[in-house]
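A.B. asks: Supplied in structure tokens, the structure appears directly below.
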2 protein chains.
Amino acid sequence: MDIKSLGLTKQRQAVLMVIRESEGHMTANEVFEEARRELPGISFATVYNSLRYLKNEGLIGELGFGTDAIRYDRKLTRHDHAICTKCDRLIDLDLKIPDALVKEAATNSGFAAESVELVLRGSCPDCASGINLNKGK
Amino acid sequence: MDIKSLGLTKQRQAVLMVIRESEGHMTANEVFEEARRELPGISFATVYNSLRYLKNEGLIGELGFGTDAIRYDRKLTRHDHAICTKCDRLIDLDLKIPDALVKEAATNSGFAAESVELVLRGSCPDCASGINLNKGK
DNA sequence: TTTAGAATTGGAATCATTCTAATTAAAAGC
DNA sequence: GCTTTTAATTAGAATGATTCCAATTCTAAA
């Protein structure tokens, strides 16, 4: 997808670029910091508006756990996540969720399923080995 | 588990009772409203402190999605959730997550797994059928 | 070039949650 | 049963993420 061909304002382009160039999982605040390097005048509100717009357009993904700030994701395909209970590190995971499991979830809930995600919580390698002592996001 | 035998303060007892008697998934605010009916003088801070304490003791469960307020759960056993993308309704789901899937998640992430949860997003029956037009928590 | 609608801006407002300092209650020691 | 120490509670202030609002600026079309 060429970023120019999307008919986006330059602010929205900048925000999209930041996320596309990121390692993934940036907070709105981090996006703002990056975006203003490209577009010094951009406002916080516009970053939020742009993120919402881009999410609704399906150009970026959004993910949020607990109370932590929402994170934005360049990855658009279905995937899963592992979250470290010690340091809050968040990584992507590509799992094959069996169809039978999705079907079971839909049947049991009565919901019309749009997506499923598996969340693993545990200790990341660094925290498990004691290398990482930080508690951070 | 007898609530009296836990050596809890009366505030913590009250908070625990509220959650045990709830249908599940109350916010801290809702817990506060209920708890003060039993214990009119209880403060907001104490409700939060108690919730944290009870969670750490493993007496209640905690769950949070997106930006919404954290919810507290009387259910302590592993279970899954379905969330309505239209009205934010949240229901419990009891699925059998295959061991192989948990193992795959742990291996791929390198995390020492503590828990896994499947989250289904979609339309709840009411929203799917158009009965429910609300957007609420 | 005028106009209408959309996007952007800065700042205020909101909401959940946490922190702080002071007070109170409970437990332990004598 | 009193004193000391420790933990819990309280009220309110502080924080942080997010949303809202009113005013301004763009953009695209007529």
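Residue numbering restarts at 1 in every chain; chains get A, B, ... in the order shown in the structure tokens, and ligands count up from 1 in that same order.
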Within 10 Å of chain D, which residues belong to chain B? Use only C-alpha atoms (C1' of nucleotides) and report them as a list in words.

C.D. replies: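 Close enough to count are Thr9, Gln11, Gly41, Ile42, Ser43, Phe44, Ala45, Thr46, Val47, Asn49, Ser50 and Thr67 of chain B.
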
A.B. asks: Please save N, CA and C atoms of the selected residues as a PDB file, in the first residue's frame.

C.D. replies:
```
ATOM      1  N   THR B   9      -9.808  -7.476  57.425  1.00  0.00           N
ATOM      2  CA  THR B   9     -10.471  -6.333  58.072  1.00  0.00           C
ATOM      3  C   THR B   9     -11.911  -6.272  57.579  1.00  0.00           C
ATOM      4  N   GLN B  11     -13.438  -3.868  56.181  1.00  0.00           N
ATOM      5  CA  GLN B  11     -13.511  -3.255  54.856  1.00  0.00           C
ATOM      6  C   GLN B  11     -13.223  -4.282  53.767  1.00  0.00           C
ATOM      7  N   GLY B  41     -19.021   4.285  55.689  1.00  0.00           N
ATOM      8  CA  GLY B  41     -17.866   5.158  55.789  1.00  0.00           C
ATOM      9  C   GLY B  41     -16.686   4.773  54.908  1.00  0.00           C
ATOM     10  N   ILE B  42     -16.813   3.677  54.211  1.00  0.00           N
ATOM     11  CA  ILE B  42     -15.643   3.185  53.461  1.00  0.00           C
ATOM     12  C   ILE B  42     -15.227   4.184  52.390  1.00  0.00           C
ATOM     13  N   SER B  43     -13.939   4.310  52.218  1.00  0.00           N
ATOM     14  CA  SER B  43     -13.447   5.294  51.255  1.00  0.00           C
ATOM     15  C   SER B  43     -13.054   4.628  49.951  1.00  0.00           C
ATOM     16  N   PHE B  44     -12.987   5.470  48.955  1.00  0.00           N
ATOM     17  CA  PHE B  44     -12.601   5.033  47.633  1.00  0.00           C
ATOM     18  C   PHE B  44     -11.221   4.395  47.642  1.00  0.00           C
ATOM     19  N   ALA B  45     -10.316   5.060  48.337  1.00  0.00           N
ATOM     20  CA  ALA B  45      -8.947   4.550  48.389  1.00  0.00           C
ATOM     21  C   ALA B  45      -8.914   3.158  48.993  1.00  0.00           C
ATOM     22  N   THR B  46      -9.722   2.947  50.004  1.00  0.00           N
ATOM     23  CA  THR B  46      -9.730   1.638  50.651  1.00  0.00           C
ATOM     24  C   THR B  46     -10.274   0.563  49.722  1.00  0.00           C
ATOM     25  N   VAL B  47     -11.253   0.929  48.934  1.00  0.00           N
ATOM     26  CA  VAL B  47     -11.762  -0.043  47.971  1.00  0.00           C
ATOM     27  C   VAL B  47     -10.640  -0.444  47.015  1.00  0.00           C
ATOM     28  N   ASN B  49      -7.384  -0.190  47.524  1.00  0.00           N
ATOM     29  CA  ASN B  49      -6.388  -0.953  48.275  1.00  0.00           C
ATOM     30  C   ASN B  49      -6.865  -2.375  48.517  1.00  0.00           C
ATOM     31  N   SER B  50      -8.117  -2.506  48.880  1.00  0.00           N
ATOM     32  CA  SER B  50      -8.654  -3.831  49.180  1.00  0.00           C
ATOM     33  C   SER B  50      -8.668  -4.700  47.926  1.00  0.00           C
ATOM     34  N   THR B  67      -9.190   0.349  27.107  1.00  0.00           N
ATOM     35  CA  THR B  67      -9.000   1.459  28.030  1.00  0.00           C
ATOM     36  C   THR B  67     -10.002   1.401  29.158  1.00  0.00           C
TER      37      THR B  67
END
```

A.B. asks: Just the residues within 8 Å of region 113-123 of chain B, please, counting only C-alpha atoms (C1' of nucleotides), with nothing from its chain fewer than 2 positions along; format it as a PyMOL selection string.

C.D. replies: (chain A and resi 105-106+111-123) or (chain B and resi 78-86+102+106+111+125-128)

A.B. asks: For the residues in the current selection, export C-alpha atoms as an mmCIF file, in the first residue's frame.

C.D. replies:
```
data_model
loop_
_atom_site.group_PDB
_atom_site.id
_atom_site.type_symbol
_atom_site.label_atom_id
_atom_site.label_comp_id
_atom_site.auth_asym_id
_atom_site.auth_seq_id
_atom_site.Cartn_x
_atom_site.Cartn_y
_atom_site.Cartn_z
ATOM 1 C CA ALA A 105 -16.148 -20.112 21.499
ATOM 2 C CA ALA A 106 -18.756 -18.737 19.132
ATOM 3 C CA PHE A 111 -21.622 -14.212 19.695
ATOM 4 C CA ALA A 112 -21.039 -13.677 16.001
ATOM 5 C CA ALA A 113 -17.258 -13.946 16.057
ATOM 6 C CA GLU A 114 -15.219 -11.249 14.371
ATOM 7 C CA SER A 115 -11.844 -12.177 15.767
ATOM 8 C CA VAL A 116 -10.152 -14.311 18.342
ATOM 9 C CA GLU A 117 -6.925 -13.718 20.148
ATOM 10 C CA LEU A 118 -4.972 -15.797 22.554
ATOM 11 C CA VAL A 119 -3.175 -14.009 25.374
ATOM 12 C CA LEU A 120 -0.388 -15.724 27.213
ATOM 13 C CA ARG A 121 0.760 -14.264 30.502
ATOM 14 C CA GLY A 122 3.988 -15.278 32.121
ATOM 15 C CA SER A 123 7.613 -14.354 32.580
ATOM 16 C CA ARG B 78 -9.144 -20.203 34.397
ATOM 17 C CA HIS B 79 -11.662 -19.094 31.841
ATOM 18 C CA ASP B 80 -12.034 -17.132 28.651
ATOM 19 C CA HIS B 81 -14.029 -14.110 27.577
ATOM 20 C CA ALA B 82 -16.181 -12.818 24.783
ATOM 21 C CA ILE B 83 -16.476 -9.064 24.303
ATOM 22 C CA CYS B 84 -19.132 -7.387 22.201
ATOM 23 C CA THR B 85 -17.594 -4.886 19.825
ATOM 24 C CA LYS B 86 -20.877 -2.963 19.690
ATOM 25 C CA VAL B 102 -0.415 -23.569 25.182
ATOM 26 C CA ALA B 106 5.141 -20.856 25.314
ATOM 27 C CA PHE B 111 7.878 -17.101 28.007
ATOM 28 C CA PRO B 125 -26.827 -11.829 20.405
ATOM 29 C CA ASP B 126 -28.719 -8.635 21.250
ATOM 30 C CA CYS B 127 -26.505 -6.427 19.137
ATOM 31 C CA ALA B 128 -26.412 -8.873 16.273
#
```

A.B. asks: DSSP on the backbone, then: every residue of chain B marked strand (DSSP E or B), written as an MDAnalysis selection string.

C.D. replies: chainID B and resid 26:27 61:63 65 71:73 80:84 90:93 112:123

A.B. asks: Save out the residues we just selected, N, CA and C atoms, as a PDB file, in the first residue's frame.

C.D. replies:
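Final output, out-v3.pdb:
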```pdb
ATOM      1  N   MET B  26     -17.427  -6.499  37.933  1.00  0.00           N
ATOM      2  CA  MET B  26     -17.714  -5.146  38.414  1.00  0.00           C
ATOM      3  C   MET B  26     -16.481  -4.263  38.307  1.00  0.00           C
ATOM      4  N   THR B  27     -16.716  -2.990  38.056  1.00  0.00           N
ATOM      5  CA  THR B  27     -15.622  -2.024  38.105  1.00  0.00           C
ATOM      6  C   THR B  27     -15.382  -1.626  39.557  1.00  0.00           C
ATOM      7  N   GLY B  61     -10.397 -12.293  41.068  1.00  0.00           N
ATOM      8  CA  GLY B  61      -9.707 -12.185  39.789  1.00  0.00           C
ATOM      9  C   GLY B  61      -9.836 -10.773  39.245  1.00  0.00           C
ATOM     10  N   GLU B  62      -8.960 -10.448  38.332  1.00  0.00           N
ATOM     11  CA  GLU B  62      -8.947  -9.106  37.770  1.00  0.00           C
ATOM     12  C   GLU B  62      -8.898  -9.230  36.269  1.00  0.00           C
ATOM     13  N   LEU B  63      -9.634  -8.382  35.586  1.00  0.00           N
ATOM     14  CA  LEU B  63      -9.487  -8.420  34.146  1.00  0.00           C
ATOM     15  C   LEU B  63      -9.687  -7.071  33.517  1.00  0.00           C
ATOM     16  N   PHE B  65      -9.559  -4.948  29.619  1.00  0.00           N
ATOM     17  CA  PHE B  65      -9.395  -4.909  28.164  1.00  0.00           C
ATOM     18  C   PHE B  65      -9.439  -3.461  27.743  1.00  0.00           C
ATOM     19  N   ARG B  71     -11.964  -4.631  35.682  1.00  0.00           N
ATOM     20  CA  ARG B  71     -13.113  -5.296  36.288  1.00  0.00           C
ATOM     21  C   ARG B  71     -12.638  -6.414  37.203  1.00  0.00           C
ATOM     22  N   TYR B  72     -13.439  -6.644  38.235  1.00  0.00           N
ATOM     23  CA  TYR B  72     -13.062  -7.648  39.224  1.00  0.00           C
ATOM     24  C   TYR B  72     -14.060  -8.792  39.193  1.00  0.00           C
ATOM     25  N   ASP B  73     -13.543  -9.952  39.464  1.00  0.00           N
ATOM     26  CA  ASP B  73     -14.236 -11.174  39.116  1.00  0.00           C
ATOM     27  C   ASP B  73     -14.211 -12.135  40.300  1.00  0.00           C
ATOM     28  N   ASP B  80     -12.250 -18.013  29.793  1.00  0.00           N
ATOM     29  CA  ASP B  80     -12.034 -17.132  28.651  1.00  0.00           C
ATOM     30  C   ASP B  80     -13.147 -16.095  28.591  1.00  0.00           C
ATOM     31  N   HIS B  81     -13.041 -15.183  27.642  1.00  0.00           N
ATOM     32  CA  HIS B  81     -14.029 -14.110  27.577  1.00  0.00           C
ATOM     33  C   HIS B  81     -14.451 -13.802  26.151  1.00  0.00           C
ATOM     34  N   ALA B  82     -15.687 -13.359  26.049  1.00  0.00           N
ATOM     35  CA  ALA B  82     -16.181 -12.818  24.783  1.00  0.00           C
ATOM     36  C   ALA B  82     -16.590 -11.378  25.042  1.00  0.00           C
ATOM     37  N   ILE B  83     -16.190 -10.492  24.147  1.00  0.00           N
ATOM     38  CA  ILE B  83     -16.476  -9.064  24.303  1.00  0.00           C
ATOM     39  C   ILE B  83     -17.244  -8.587  23.087  1.00  0.00           C
ATOM     40  N   CYS B  84     -18.344  -7.897  23.323  1.00  0.00           N
ATOM     41  CA  CYS B  84     -19.132  -7.387  22.201  1.00  0.00           C
ATOM     42  C   CYS B  84     -18.503  -6.099  21.692  1.00  0.00           C
ATOM     43  N   LEU B  90     -19.470  -8.090  28.240  1.00  0.00           N
ATOM     44  CA  LEU B  90     -18.372  -9.020  28.506  1.00  0.00           C
ATOM     45  C   LEU B  90     -18.949 -10.263  29.159  1.00  0.00           C
ATOM     46  N   ILE B  91     -18.743 -11.398  28.554  1.00  0.00           N
ATOM     47  CA  ILE B  91     -19.241 -12.615  29.192  1.00  0.00           C
ATOM     48  C   ILE B  91     -18.117 -13.646  29.341  1.00  0.00           C
ATOM     49  N   ASP B  92     -18.321 -14.526  30.308  1.00  0.00           N
ATOM     50  CA  ASP B  92     -17.361 -15.595  30.551  1.00  0.00           C
ATOM     51  C   ASP B  92     -17.581 -16.725  29.575  1.00  0.00           C
ATOM     52  N   LEU B  93     -16.518 -17.453  29.375  1.00  0.00           N
ATOM     53  CA  LEU B  93     -16.541 -18.559  28.438  1.00  0.00           C
ATOM     54  C   LEU B  93     -15.658 -19.648  29.023  1.00  0.00           C
ATOM     55  N   ALA B 112       7.787 -18.205  30.144  1.00  0.00           N
ATOM     56  CA  ALA B 112       7.318 -19.225  31.072  1.00  0.00           C
ATOM     57  C   ALA B 112       5.844 -18.941  31.341  1.00  0.00           C
ATOM     58  N   ALA B 113       4.982 -19.745  30.783  1.00  0.00           N
ATOM     59  CA  ALA B 113       3.551 -19.456  30.813  1.00  0.00           C
ATOM     60  C   ALA B 113       2.982 -19.588  32.217  1.00  0.00           C
ATOM     61  N   GLU B 114       2.210 -18.588  32.604  1.00  0.00           N
ATOM     62  CA  GLU B 114       1.472 -18.676  33.867  1.00  0.00           C
ATOM     63  C   GLU B 114      -0.006 -18.910  33.597  1.00  0.00           C
ATOM     64  N   SER B 115      -0.493 -18.295  32.541  1.00  0.00           N
ATOM     65  CA  SER B 115      -1.895 -18.473  32.191  1.00  0.00           C
ATOM     66  C   SER B 115      -2.115 -18.150  30.719  1.00  0.00           C
ATOM     67  N   VAL B 116      -3.149 -18.707  30.181  1.00  0.00           N
ATOM     68  CA  VAL B 116      -3.552 -18.338  28.826  1.00  0.00           C
ATOM     69  C   VAL B 116      -5.042 -18.037  28.836  1.00  0.00           C
ATOM     70  N   GLU B 117      -5.415 -17.147  27.965  1.00  0.00           N
ATOM     71  CA  GLU B 117      -6.807 -16.741  27.885  1.00  0.00           C
ATOM     72  C   GLU B 117      -7.147 -16.505  26.429  1.00  0.00           C
ATOM     73  N   LEU B 118      -8.283 -16.968  26.033  1.00  0.00           N
ATOM     74  CA  LEU B 118      -8.735 -16.675  24.686  1.00  0.00           C
ATOM     75  C   LEU B 118      -9.784 -15.575  24.750  1.00  0.00           C
ATOM     76  N   VAL B 119      -9.651 -14.609  23.862  1.00  0.00           N
ATOM     77  CA  VAL B 119     -10.601 -13.498  23.819  1.00  0.00           C
ATOM     78  C   VAL B 119     -11.287 -13.515  22.469  1.00  0.00           C
ATOM     79  N   LEU B 120     -12.590 -13.636  22.520  1.00  0.00           N
ATOM     80  CA  LEU B 120     -13.360 -13.571  21.276  1.00  0.00           C
ATOM     81  C   LEU B 120     -14.014 -12.206  21.196  1.00  0.00           C
ATOM     82  N   ARG B 121     -13.875 -11.564  20.064  1.00  0.00           N
ATOM     83  CA  ARG B 121     -14.558 -10.297  19.842  1.00  0.00           C
ATOM     84  C   ARG B 121     -15.589 -10.471  18.744  1.00  0.00           C
ATOM     85  N   GLY B 122     -16.731  -9.873  18.933  1.00  0.00           N
ATOM     86  CA  GLY B 122     -17.783 -10.013  17.941  1.00  0.00           C
ATOM     87  C   GLY B 122     -19.062  -9.376  18.442  1.00  0.00           C
ATOM     88  N   SER B 123     -20.171  -9.705  17.804  1.00  0.00           N
ATOM     89  CA  SER B 123     -21.450  -9.111  18.211  1.00  0.00           C
ATOM     90  C   SER B 123     -22.193 -10.054  19.135  1.00  0.00           C
TER      91      SER B 123
END
```

A.B. asks: Could you pull out the alpha helix (DSSP H) residues of region 50-136 of chain B, going by DSSP on the backbone, and write them as a PyMOL selection string?

C.D. replies: chain B and resi 50-56+99-109+125-129

A.B. asks: Got time to write the residues from that selection, N, CA and C atoms, as a PDB file, in the first residue's frame?

C.D. replies:
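The new file result-v2.pdb reads:
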```pdb
ATOM      1  N   SER B  50      -8.117  -2.506  48.880  1.00  0.00           N
ATOM      2  CA  SER B  50      -8.654  -3.831  49.180  1.00  0.00           C
ATOM      3  C   SER B  50      -8.668  -4.700  47.926  1.00  0.00           C
ATOM      4  N   LEU B  51      -9.041  -4.115  46.823  1.00  0.00           N
ATOM      5  CA  LEU B  51      -9.086  -4.885  45.579  1.00  0.00           C
ATOM      6  C   LEU B  51      -7.690  -5.393  45.235  1.00  0.00           C
ATOM      7  N   ARG B  52      -6.718  -4.522  45.385  1.00  0.00           N
ATOM      8  CA  ARG B  52      -5.344  -4.942  45.100  1.00  0.00           C
ATOM      9  C   ARG B  52      -4.910  -6.063  46.044  1.00  0.00           C
ATOM     10  N   TYR B  53      -5.223  -5.851  47.311  1.00  0.00           N
ATOM     11  CA  TYR B  53      -4.869  -6.856  48.314  1.00  0.00           C
ATOM     12  C   TYR B  53      -5.525  -8.209  48.008  1.00  0.00           C
ATOM     13  N   LEU B  54      -6.814  -8.171  47.765  1.00  0.00           N
ATOM     14  CA  LEU B  54      -7.555  -9.415  47.532  1.00  0.00           C
ATOM     15  C   LEU B  54      -7.081 -10.116  46.262  1.00  0.00           C
ATOM     16  N   LYS B  55      -6.720  -9.321  45.286  1.00  0.00           N
ATOM     17  CA  LYS B  55      -6.189  -9.907  44.065  1.00  0.00           C
ATOM     18  C   LYS B  55      -4.858 -10.597  44.344  1.00  0.00           C
ATOM     19  N   ASN B  56      -3.978  -9.908  45.074  1.00  0.00           N
ATOM     20  CA  ASN B  56      -2.676 -10.495  45.378  1.00  0.00           C
ATOM     21  C   ASN B  56      -2.792 -11.750  46.228  1.00  0.00           C
ATOM     22  N   ASP B  99      -3.678 -28.413  25.163  1.00  0.00           N
ATOM     23  CA  ASP B  99      -2.318 -28.318  25.695  1.00  0.00           C
ATOM     24  C   ASP B  99      -1.307 -27.966  24.614  1.00  0.00           C
ATOM     25  N   ALA B 100      -1.540 -28.534  23.461  1.00  0.00           N
ATOM     26  CA  ALA B 100      -0.595 -28.301  22.368  1.00  0.00           C
ATOM     27  C   ALA B 100      -0.522 -26.818  22.023  1.00  0.00           C
ATOM     28  N   LEU B 101      -1.649 -26.143  22.129  1.00  0.00           N
ATOM     29  CA  LEU B 101      -1.683 -24.720  21.793  1.00  0.00           C
ATOM     30  C   LEU B 101      -0.933 -23.907  22.851  1.00  0.00           C
ATOM     31  N   VAL B 102      -1.125 -24.255  24.100  1.00  0.00           N
ATOM     32  CA  VAL B 102      -0.415 -23.569  25.182  1.00  0.00           C
ATOM     33  C   VAL B 102       1.086 -23.787  25.023  1.00  0.00           C
ATOM     34  N   LYS B 103       1.427 -25.010  24.708  1.00  0.00           N
ATOM     35  CA  LYS B 103       2.845 -25.335  24.540  1.00  0.00           C
ATOM     36  C   LYS B 103       3.434 -24.552  23.373  1.00  0.00           C
ATOM     37  N   GLU B 104       2.690 -24.492  22.296  1.00  0.00           N
ATOM     38  CA  GLU B 104       3.146 -23.745  21.121  1.00  0.00           C
ATOM     39  C   GLU B 104       3.358 -22.272  21.476  1.00  0.00           C
ATOM     40  N   ALA B 105       2.414 -21.721  22.228  1.00  0.00           N
ATOM     41  CA  ALA B 105       2.520 -20.317  22.629  1.00  0.00           C
ATOM     42  C   ALA B 105       3.759 -20.090  23.493  1.00  0.00           C
ATOM     43  N   ALA B 106       3.992 -20.994  24.419  1.00  0.00           N
ATOM     44  CA  ALA B 106       5.141 -20.856  25.314  1.00  0.00           C
ATOM     45  C   ALA B 106       6.445 -20.992  24.532  1.00  0.00           C
ATOM     46  N   THR B 107       6.491 -21.960  23.661  1.00  0.00           N
ATOM     47  CA  THR B 107       7.698 -22.184  22.876  1.00  0.00           C
ATOM     48  C   THR B 107       7.998 -20.998  21.964  1.00  0.00           C
ATOM     49  N   ASN B 108       6.979 -20.558  21.239  1.00  0.00           N
ATOM     50  CA  ASN B 108       7.193 -19.464  20.292  1.00  0.00           C
ATOM     51  C   ASN B 108       7.584 -18.164  20.987  1.00  0.00           C
ATOM     52  N   SER B 109       7.050 -17.939  22.155  1.00  0.00           N
ATOM     53  CA  SER B 109       7.324 -16.680  22.848  1.00  0.00           C
ATOM     54  C   SER B 109       8.593 -16.759  23.685  1.00  0.00           C
ATOM     55  N   PRO B 125     -25.539 -11.514  21.027  1.00  0.00           N
ATOM     56  CA  PRO B 125     -26.827 -11.829  20.405  1.00  0.00           C
ATOM     57  C   PRO B 125     -27.733 -10.610  20.261  1.00  0.00           C
ATOM     58  N   ASP B 126     -27.835  -9.798  21.316  1.00  0.00           N
ATOM     59  CA  ASP B 126     -28.719  -8.635  21.250  1.00  0.00           C
ATOM     60  C   ASP B 126     -28.285  -7.638  20.176  1.00  0.00           C
ATOM     61  N   CYS B 127     -26.985  -7.404  20.124  1.00  0.00           N
ATOM     62  CA  CYS B 127     -26.505  -6.427  19.137  1.00  0.00           C
ATOM     63  C   CYS B 127     -26.609  -6.986  17.723  1.00  0.00           C
ATOM     64  N   ALA B 128     -26.344  -8.257  17.597  1.00  0.00           N
ATOM     65  CA  ALA B 128     -26.412  -8.873  16.273  1.00  0.00           C
ATOM     66  C   ALA B 128     -27.840  -8.806  15.732  1.00  0.00           C
ATOM     67  N   SER B 129     -28.824  -8.944  16.633  1.00  0.00           N
ATOM     68  CA  SER B 129     -30.213  -8.955  16.181  1.00  0.00           C
ATOM     69  C   SER B 129     -30.843  -7.572  16.147  1.00  0.00           C
TER      70      SER B 129
END
```

A.B. asks: What separation in Å, quoted to one decimal, exists between CA of Ile60 (chain A) and CA of Asp88 (chain A)?

C.D. replies: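 About the pair CA of Ile60 (chain A) and CA of Asp88 (chain A): they are 21.8 Å apart.
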
A.B. asks: If I take CA of Ala35 (chain A) and CA of Leu59 (chain A), how far is one from the other in Å, to one decimal?

C.D. replies: 16.6 Å

A.B. asks: Counting only C-alpha atoms (C1' of nucleotides), give me one row per residue of chain C with an atom at most 9 Å from an atom of chain A, showing the shortest contact pair and its distance in Å to one decimal, sorted by chain then residue number, as JSON lines.

C.D. replies:
```
{"residue": "C:DA7", "atom": "C1'", "partner": "A:Thr9", "partner_atom": "CA", "distance": 8.2}
{"residue": "C:DT8", "atom": "C1'", "partner": "A:Thr46", "partner_atom": "CA", "distance": 6.3}
{"residue": "C:DT9", "atom": "C1'", "partner": "A:Ser43", "partner_atom": "CA", "distance": 6.3}
{"residue": "C:DG10", "atom": "C1'", "partner": "A:Ser43", "partner_atom": "CA", "distance": 7.9}
{"residue": "C:DA16", "atom": "C1'", "partner": "A:Thr67", "partner_atom": "CA", "distance": 8.4}
{"residue": "C:DT17", "atom": "C1'", "partner": "A:Thr67", "partner_atom": "CA", "distance": 8.6}
```

A.B. asks: Hey, can you check how far CA of Gly66 (chain B) sits from CA of Glu23 (chain A)?

C.D. replies: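 Spanning CA of Gly66 (chain B) to CA of Glu23 (chain A) is a straight-line distance of 20.3 Å.
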